[in-house]
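Q: So that you have it, the file is structure_34.txt, and it contains compact mmCIF, N, CA and C atoms:
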# COMPACT_ATOMS: atom_id res chain seq x y z
N MET A 14 -38.08 -13.91 -31.82
CA MET A 14 -36.75 -13.35 -31.78
C MET A 14 -36.52 -12.59 -30.48
N ASN A 15 -35.30 -12.51 -30.12
CA ASN A 15 -34.89 -11.77 -28.93
C ASN A 15 -35.07 -10.27 -29.19
N GLY A 16 -35.40 -9.50 -28.15
CA GLY A 16 -35.64 -8.07 -28.29
C GLY A 16 -34.41 -7.32 -28.77
N LYS A 17 -33.22 -7.69 -28.29
CA LYS A 17 -31.99 -7.01 -28.70
C LYS A 17 -31.68 -7.32 -30.16
N LEU A 18 -31.95 -8.56 -30.57
CA LEU A 18 -31.69 -8.95 -31.94
C LEU A 18 -32.64 -8.21 -32.89
N GLN A 19 -33.91 -8.07 -32.47
CA GLN A 19 -34.86 -7.34 -33.30
C GLN A 19 -34.44 -5.88 -33.46
N ARG A 20 -33.96 -5.27 -32.38
CA ARG A 20 -33.52 -3.88 -32.46
C ARG A 20 -32.31 -3.73 -33.36
N ALA A 21 -31.43 -4.73 -33.33
CA ALA A 21 -30.23 -4.67 -34.18
C ALA A 21 -30.61 -4.81 -35.65
N MET A 22 -31.62 -5.64 -35.91
CA MET A 22 -32.02 -5.87 -37.30
C MET A 22 -32.87 -4.72 -37.81
N HIS A 23 -33.67 -4.10 -36.99
CA HIS A 23 -34.57 -3.02 -37.38
C HIS A 23 -34.21 -1.76 -36.60
N PRO A 24 -33.46 -0.84 -37.16
CA PRO A 24 -33.04 0.34 -36.42
C PRO A 24 -34.19 1.20 -35.94
N GLY A 25 -35.32 1.20 -36.60
CA GLY A 25 -36.45 2.00 -36.16
C GLY A 25 -37.24 1.36 -35.04
N TYR A 26 -36.85 0.20 -34.61
CA TYR A 26 -37.57 -0.56 -33.57
C TYR A 26 -37.13 -0.05 -32.21
N CYS A 27 -37.84 0.93 -31.66
CA CYS A 27 -37.47 1.42 -30.34
C CYS A 27 -38.69 1.77 -29.51
N ASN A 28 -39.87 1.77 -30.07
CA ASN A 28 -41.04 2.16 -29.32
C ASN A 28 -41.81 0.99 -28.73
N GLU A 29 -41.40 -0.20 -29.03
CA GLU A 29 -42.10 -1.35 -28.48
C GLU A 29 -41.40 -1.79 -27.21
N ALA A 30 -42.19 -2.32 -26.30
CA ALA A 30 -41.65 -2.76 -25.02
C ALA A 30 -41.01 -4.12 -25.16
N SER A 31 -40.00 -4.37 -24.37
CA SER A 31 -39.35 -5.68 -24.35
C SER A 31 -40.27 -6.67 -23.68
N PRO A 32 -40.08 -7.97 -23.95
CA PRO A 32 -40.93 -8.97 -23.30
C PRO A 32 -40.80 -8.88 -21.79
N GLY A 33 -41.91 -8.95 -21.10
CA GLY A 33 -41.90 -8.90 -19.64
C GLY A 33 -42.03 -7.50 -19.09
N GLN A 34 -42.02 -6.48 -19.95
CA GLN A 34 -42.16 -5.10 -19.50
C GLN A 34 -43.50 -4.55 -19.96
N HIS A 35 -43.92 -3.50 -19.31
CA HIS A 35 -45.18 -2.85 -19.68
C HIS A 35 -45.06 -2.26 -21.07
N GLY A 36 -46.16 -2.28 -21.81
CA GLY A 36 -46.15 -1.77 -23.17
C GLY A 36 -46.16 -0.26 -23.20
N GLY A 37 -46.02 0.28 -24.34
CA GLY A 37 -46.06 1.72 -24.51
C GLY A 37 -44.73 2.25 -24.95
N PRO A 38 -44.74 3.46 -25.46
CA PRO A 38 -43.49 4.04 -25.93
C PRO A 38 -42.53 4.30 -24.77
N THR A 39 -41.29 4.10 -25.07
CA THR A 39 -40.26 4.35 -24.06
C THR A 39 -39.47 5.58 -24.47
N GLY A 40 -39.01 6.30 -23.50
CA GLY A 40 -38.23 7.49 -23.76
C GLY A 40 -37.03 7.53 -22.82
N VAL A 41 -36.14 8.41 -23.11
CA VAL A 41 -34.95 8.56 -22.27
C VAL A 41 -35.27 9.55 -21.17
N GLN A 42 -35.02 9.13 -19.97
CA GLN A 42 -35.24 10.02 -18.83
C GLN A 42 -33.91 10.54 -18.35
N HIS A 43 -33.86 11.82 -18.06
CA HIS A 43 -32.65 12.43 -17.54
C HIS A 43 -32.89 12.84 -16.10
N PHE A 44 -31.92 12.54 -15.27
CA PHE A 44 -32.00 12.92 -13.87
C PHE A 44 -30.88 13.89 -13.57
N VAL A 45 -31.21 14.92 -12.86
CA VAL A 45 -30.21 15.87 -12.41
C VAL A 45 -30.03 15.65 -10.91
N VAL A 46 -28.82 15.24 -10.55
CA VAL A 46 -28.53 14.98 -9.15
C VAL A 46 -27.71 16.14 -8.63
N THR A 47 -28.27 16.81 -7.67
CA THR A 47 -27.55 17.92 -7.06
C THR A 47 -26.92 17.42 -5.77
N VAL A 48 -25.61 17.45 -5.73
CA VAL A 48 -24.89 17.04 -4.54
C VAL A 48 -24.59 18.28 -3.73
N PRO A 49 -25.12 18.34 -2.51
CA PRO A 49 -24.85 19.54 -1.71
C PRO A 49 -23.36 19.59 -1.35
N PRO A 50 -22.81 20.78 -1.32
CA PRO A 50 -21.38 20.88 -0.97
C PRO A 50 -21.15 20.41 0.46
N GLU A 51 -19.97 19.87 0.67
CA GLU A 51 -19.62 19.37 2.00
C GLU A 51 -19.56 20.55 2.97
N PRO A 52 -20.22 20.42 4.12
CA PRO A 52 -20.18 21.55 5.06
C PRO A 52 -18.76 21.77 5.56
N PRO A 53 -18.39 23.02 5.79
CA PRO A 53 -17.03 23.30 6.25
C PRO A 53 -16.79 22.69 7.62
N LYS A 54 -15.56 22.30 7.85
CA LYS A 54 -15.19 21.68 9.13
C LYS A 54 -14.93 22.76 10.16
N ASP A 55 -15.27 22.44 11.41
CA ASP A 55 -15.05 23.42 12.48
C ASP A 55 -13.92 23.01 13.43
N TYR A 56 -13.43 21.78 13.34
CA TYR A 56 -12.29 21.30 14.12
C TYR A 56 -12.49 21.48 15.63
N LEU A 57 -13.70 21.28 16.10
CA LEU A 57 -14.00 21.52 17.51
C LEU A 57 -13.29 20.52 18.43
N VAL A 58 -13.28 19.25 18.07
CA VAL A 58 -12.64 18.25 18.93
C VAL A 58 -11.14 18.48 19.00
N TRP A 59 -10.53 18.77 17.86
CA TRP A 59 -9.09 19.06 17.83
C TRP A 59 -8.79 20.30 18.67
N SER A 60 -9.66 21.30 18.59
CA SER A 60 -9.46 22.52 19.37
C SER A 60 -9.59 22.25 20.87
N LEU A 61 -10.54 21.40 21.24
CA LEU A 61 -10.66 21.04 22.66
C LEU A 61 -9.40 20.34 23.16
N CYS A 62 -8.87 19.42 22.36
CA CYS A 62 -7.63 18.73 22.75
C CYS A 62 -6.47 19.71 22.82
N SER A 63 -6.39 20.63 21.87
CA SER A 63 -5.32 21.63 21.91
C SER A 63 -5.47 22.53 23.12
N PHE A 64 -6.70 22.86 23.47
CA PHE A 64 -6.94 23.72 24.63
C PHE A 64 -6.55 23.02 25.93
N VAL A 65 -6.89 21.75 26.04
CA VAL A 65 -6.63 21.03 27.28
C VAL A 65 -5.17 20.60 27.38
N TYR A 66 -4.60 20.07 26.30
CA TYR A 66 -3.27 19.47 26.37
C TYR A 66 -2.16 20.34 25.80
N GLY A 67 -2.46 21.23 24.88
CA GLY A 67 -1.40 21.99 24.23
C GLY A 67 -1.71 23.46 24.16
N ASN A 68 -2.05 24.06 25.27
CA ASN A 68 -2.46 25.46 25.28
C ASN A 68 -1.25 26.38 25.43
N PHE A 69 -0.29 26.24 24.53
CA PHE A 69 0.92 27.05 24.56
C PHE A 69 0.58 28.46 24.11
N CYS A 70 0.87 29.44 24.95
CA CYS A 70 0.60 30.86 24.67
C CYS A 70 -0.87 31.10 24.30
N CYS A 71 -1.76 30.34 24.87
CA CYS A 71 -3.20 30.45 24.65
C CYS A 71 -3.62 30.21 23.20
N LEU A 72 -2.79 29.49 22.44
CA LEU A 72 -3.16 29.17 21.06
C LEU A 72 -4.31 28.17 21.02
N GLY A 73 -4.35 27.27 22.00
CA GLY A 73 -5.46 26.32 22.08
C GLY A 73 -6.77 27.03 22.36
N LEU A 74 -6.72 28.07 23.19
CA LEU A 74 -7.92 28.86 23.49
C LEU A 74 -8.39 29.60 22.24
N ALA A 75 -7.45 30.17 21.49
CA ALA A 75 -7.81 30.87 20.26
C ALA A 75 -8.43 29.89 19.25
N ALA A 76 -7.86 28.70 19.16
CA ALA A 76 -8.41 27.69 18.25
C ALA A 76 -9.82 27.29 18.68
N LEU A 77 -10.02 27.16 19.98
CA LEU A 77 -11.35 26.80 20.48
C LEU A 77 -12.37 27.90 20.19
N ILE A 78 -11.97 29.14 20.35
CA ILE A 78 -12.88 30.26 20.07
C ILE A 78 -13.27 30.28 18.59
N TYR A 79 -12.29 30.11 17.72
CA TYR A 79 -12.60 30.10 16.29
C TYR A 79 -13.42 28.88 15.89
N SER A 80 -13.21 27.76 16.56
CA SER A 80 -14.01 26.57 16.27
C SER A 80 -15.47 26.78 16.64
N VAL A 81 -15.69 27.42 17.79
CA VAL A 81 -17.07 27.69 18.21
C VAL A 81 -17.71 28.69 17.25
N LYS A 82 -16.94 29.70 16.82
CA LYS A 82 -17.47 30.66 15.84
C LYS A 82 -17.81 29.96 14.53
N ALA A 83 -16.96 29.03 14.10
CA ALA A 83 -17.23 28.30 12.86
C ALA A 83 -18.49 27.46 12.98
N ARG A 84 -18.67 26.83 14.13
CA ARG A 84 -19.88 26.02 14.33
C ARG A 84 -21.12 26.92 14.34
N ASP A 85 -21.03 28.08 14.99
CA ASP A 85 -22.16 29.01 15.00
C ASP A 85 -22.50 29.49 13.59
N ARG A 86 -21.48 29.81 12.80
CA ARG A 86 -21.70 30.26 11.43
C ARG A 86 -22.34 29.14 10.60
N LYS A 87 -21.92 27.91 10.85
CA LYS A 87 -22.47 26.78 10.11
C LYS A 87 -23.94 26.57 10.45
N VAL A 88 -24.30 26.75 11.73
CA VAL A 88 -25.69 26.57 12.15
C VAL A 88 -26.57 27.67 11.54
N VAL A 89 -26.04 28.88 11.47
CA VAL A 89 -26.80 30.00 10.91
C VAL A 89 -26.96 29.85 9.40
N GLY A 90 -26.02 29.17 8.76
CA GLY A 90 -26.10 28.98 7.31
C GLY A 90 -25.08 29.78 6.54
N ASP A 91 -24.19 30.48 7.24
CA ASP A 91 -23.15 31.27 6.60
C ASP A 91 -21.96 30.36 6.32
N GLN A 92 -21.96 29.73 5.14
CA GLN A 92 -20.92 28.76 4.81
C GLN A 92 -19.56 29.42 4.63
N ASP A 93 -19.52 30.61 4.06
CA ASP A 93 -18.24 31.30 3.87
C ASP A 93 -17.62 31.69 5.20
N GLY A 94 -18.44 32.22 6.11
CA GLY A 94 -17.93 32.57 7.44
C GLY A 94 -17.48 31.34 8.20
N ALA A 95 -18.22 30.25 8.07
CA ALA A 95 -17.83 29.01 8.75
C ALA A 95 -16.52 28.49 8.20
N LYS A 96 -16.34 28.59 6.89
CA LYS A 96 -15.09 28.13 6.28
C LYS A 96 -13.91 29.00 6.74
N ARG A 97 -14.13 30.30 6.82
CA ARG A 97 -13.08 31.23 7.23
C ARG A 97 -12.67 30.98 8.68
N HIS A 98 -13.65 30.87 9.59
CA HIS A 98 -13.34 30.64 11.00
C HIS A 98 -12.75 29.24 11.20
N GLY A 99 -13.24 28.25 10.45
CA GLY A 99 -12.68 26.91 10.54
C GLY A 99 -11.23 26.86 10.09
N SER A 100 -10.92 27.64 9.05
CA SER A 100 -9.53 27.71 8.58
C SER A 100 -8.62 28.33 9.64
N CYS A 101 -9.09 29.39 10.30
CA CYS A 101 -8.31 30.01 11.38
C CYS A 101 -8.11 29.03 12.54
N ALA A 102 -9.16 28.30 12.88
CA ALA A 102 -9.06 27.32 13.96
C ALA A 102 -8.04 26.23 13.61
N ARG A 103 -8.05 25.80 12.35
CA ARG A 103 -7.10 24.78 11.91
C ARG A 103 -5.67 25.28 12.02
N ILE A 104 -5.43 26.53 11.61
CA ILE A 104 -4.08 27.10 11.68
C ILE A 104 -3.62 27.21 13.13
N PHE A 105 -4.51 27.70 14.01
CA PHE A 105 -4.15 27.81 15.42
C PHE A 105 -3.87 26.43 16.02
N ASN A 106 -4.64 25.42 15.63
CA ASN A 106 -4.41 24.07 16.12
C ASN A 106 -3.07 23.52 15.66
N ILE A 107 -2.74 23.75 14.39
CA ILE A 107 -1.46 23.26 13.87
C ILE A 107 -0.30 23.92 14.60
N VAL A 108 -0.38 25.22 14.79
CA VAL A 108 0.71 25.94 15.48
C VAL A 108 0.80 25.49 16.94
N ALA A 109 -0.35 25.33 17.61
CA ALA A 109 -0.34 24.91 19.01
C ALA A 109 0.25 23.53 19.17
N VAL A 110 -0.15 22.59 18.32
CA VAL A 110 0.38 21.22 18.42
C VAL A 110 1.86 21.19 18.07
N SER A 111 2.27 21.96 17.06
CA SER A 111 3.69 21.99 16.68
C SER A 111 4.55 22.55 17.80
N LEU A 112 4.15 23.68 18.36
CA LEU A 112 4.95 24.28 19.43
C LEU A 112 4.96 23.42 20.69
N THR A 113 3.82 22.83 21.01
CA THR A 113 3.77 21.96 22.19
C THR A 113 4.65 20.74 21.99
N SER A 114 4.64 20.16 20.80
CA SER A 114 5.50 19.00 20.51
C SER A 114 6.97 19.39 20.57
N LEU A 115 7.30 20.56 20.02
CA LEU A 115 8.68 21.02 20.03
C LEU A 115 9.16 21.26 21.46
N ILE A 116 8.35 21.89 22.27
CA ILE A 116 8.73 22.15 23.66
C ILE A 116 8.86 20.84 24.44
N LEU A 117 7.95 19.92 24.23
CA LEU A 117 8.03 18.62 24.89
C LEU A 117 9.30 17.89 24.48
N PHE A 118 9.65 17.94 23.19
CA PHE A 118 10.88 17.32 22.72
C PHE A 118 12.11 17.97 23.36
N ILE A 119 12.12 19.28 23.44
CA ILE A 119 13.26 19.99 24.05
C ILE A 119 13.38 19.63 25.53
N ILE A 120 12.26 19.55 26.24
CA ILE A 120 12.30 19.20 27.66
C ILE A 120 12.87 17.79 27.84
N ILE A 121 12.45 16.86 27.01
CA ILE A 121 12.96 15.48 27.12
C ILE A 121 14.45 15.44 26.82
N VAL A 122 14.90 16.14 25.78
CA VAL A 122 16.33 16.15 25.45
C VAL A 122 17.14 16.80 26.56
N VAL A 123 16.66 17.90 27.12
CA VAL A 123 17.39 18.56 28.21
C VAL A 123 17.49 17.65 29.43
N GLN A 124 16.44 16.94 29.75
CA GLN A 124 16.49 16.02 30.90
C GLN A 124 17.45 14.86 30.65
N ILE A 125 17.49 14.36 29.44
CA ILE A 125 18.43 13.27 29.14
C ILE A 125 19.86 13.78 29.23
N VAL A 126 20.12 14.95 28.67
CA VAL A 126 21.47 15.53 28.73
C VAL A 126 21.86 15.81 30.18
N ALA A 127 20.92 16.34 30.98
CA ALA A 127 21.23 16.62 32.39
C ALA A 127 21.50 15.33 33.14
N ALA A 128 20.75 14.27 32.87
CA ALA A 128 20.99 13.00 33.56
C ALA A 128 22.35 12.42 33.19
N VAL A 129 22.76 12.56 31.92
CA VAL A 129 24.07 12.08 31.50
C VAL A 129 25.17 12.89 32.18
N LYS A 130 25.01 14.19 32.26
CA LYS A 130 26.02 15.05 32.91
C LYS A 130 26.14 14.73 34.40
N VAL A 131 25.01 14.51 35.07
CA VAL A 131 25.04 14.17 36.49
C VAL A 131 25.72 12.82 36.68
N ALA A 132 25.45 11.88 35.80
CA ALA A 132 26.10 10.56 35.91
C ALA A 132 27.61 10.68 35.68
N GLN A 133 28.03 11.51 34.75
CA GLN A 133 29.46 11.72 34.52
C GLN A 133 30.11 12.41 35.71
N TYR A 134 29.43 13.38 36.27
CA TYR A 134 29.97 14.12 37.42
C TYR A 134 30.13 13.20 38.63
N THR A 135 29.13 12.39 38.90
CA THR A 135 29.21 11.51 40.07
C THR A 135 30.21 10.38 39.86
N SER A 136 30.45 9.95 38.64
CA SER A 136 31.44 8.88 38.42
C SER A 136 32.86 9.42 38.50
N GLN A 137 33.09 10.68 38.18
CA GLN A 137 34.42 11.28 38.23
C GLN A 137 34.78 11.77 39.63
N ARG A 138 33.81 12.02 40.44
CA ARG A 138 34.04 12.55 41.78
C ARG A 138 34.58 11.45 42.68
N ARG A 139 35.59 11.77 43.43
CA ARG A 139 36.17 10.78 44.36
C ARG A 139 35.46 10.84 45.69
N PRO A 140 35.38 9.74 46.36
CA PRO A 140 34.76 9.76 47.70
C PRO A 140 35.62 10.59 48.67
N TRP A 141 35.03 11.01 49.79
CA TRP A 141 35.72 11.84 50.77
C TRP A 141 36.87 11.06 51.37
N GLY A 142 37.97 11.72 51.46
CA GLY A 142 39.13 11.13 52.11
C GLY A 142 40.03 10.36 51.18
N ALA A 143 39.63 10.15 49.95
CA ALA A 143 40.49 9.40 49.03
C ALA A 143 41.38 10.40 48.29
N ASN A 144 42.64 10.08 48.11
CA ASN A 144 43.58 10.98 47.41
C ASN A 144 43.85 10.50 46.05
Please, can you express the file's structure as structure tokens?
A:
Amino acid sequence: MNGKLQRAMHPGYCNEASPGQHGGPTGVQHFVVTVPPEPPKDYLVWSLCSFVYGNFCCLGLAALIYSVKARDRKVVGDQDGAKRHGSCARIFNIVAVSLTSLILFIIIVVQIVAAVKVAQYTSQRRPWGAN
């Protein structure tokens, strides 16, 4: 008979090994898997980009400083400090990128408006000597 069929027919049949397996009593093994918590992010690359390309009011520099502090805390093993400094770096990066994008957008809009006004002015202006 098949091993599964024998177990179904005889409920007490659990200590014998299935065909092809080593003999002896079998037991239930429990494994405890400990998953280490994800290390806090330090946003160092984002801070470097903010520092180089979007350093509005030195927010990129502040983000870079907090990113380096977060990395140092992570190396030392202070996960709470690393999380706190990483969070500050993230906030500074978001504000720096937002303000830099807003200023860039305003500059582009102002230049387009100025170009349109100059084109209107030059088209309305009459050449010298024409009445």
Q: (-10.9, 22.7, 23.6) in this file's frame - what residues fall within 9 Å of it? Use only C-alpha atoms and give the answer as a list of chain:residue names.
A: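 Residues close enough to count: A:Leu57, A:Val58, A:Trp59, A:Ser60, A:Leu61, A:Cys62, A:Ser63, A:Phe64, A:Val65, A:Tyr66, A:Gly73, A:Leu74, A:Ala76, A:Leu77, A:Ile78, A:Ser80.
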Q: Please determine, counting all atoms listed in the file, which residue among A:Ala109, A:Val123, A:Leu115, A:Gly94 has the shortest atom-to-atom distance to A:Cys70.
A: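 Going through A:Ala109, A:Val123, A:Leu115, A:Gly94 one by one, the smallest distance to A:Cys70 is for A:Ala109.
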Q: Go through A:Leu112, A:Leu72, A:Asp55, A:Val126 and flag the residue nearest A:Asp85, using all atoms listed in the file for the distances.
A: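 Smallest separation from A:Asp85 among the options: A:Asp55.
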Q: Using only C-alpha atoms, list the residues that have an atom at most 10 Å from (-26.3, 23.8, 6.9), coordinates as in the file, as an MDAnalysis selection string.
A: chainID A and resid 49:53 86:92
Q: Quick check, in Å to one decimal: how far apart do atom N of A:Phe118 and atom C of A:Lys54 lie?
A: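 These atoms are spaced 28.2 Å apart.
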Q: For a quick check of understanding, using only C-alpha atoms, which of A:Val46, A:Ile125, A:Val41, A:Cys71 has the smallest distance to A:Val110?
A: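 Of A:Val46, A:Ile125, A:Val41, A:Cys71, the one nearest A:Val110 is A:Cys71, counting only C-alpha atoms.
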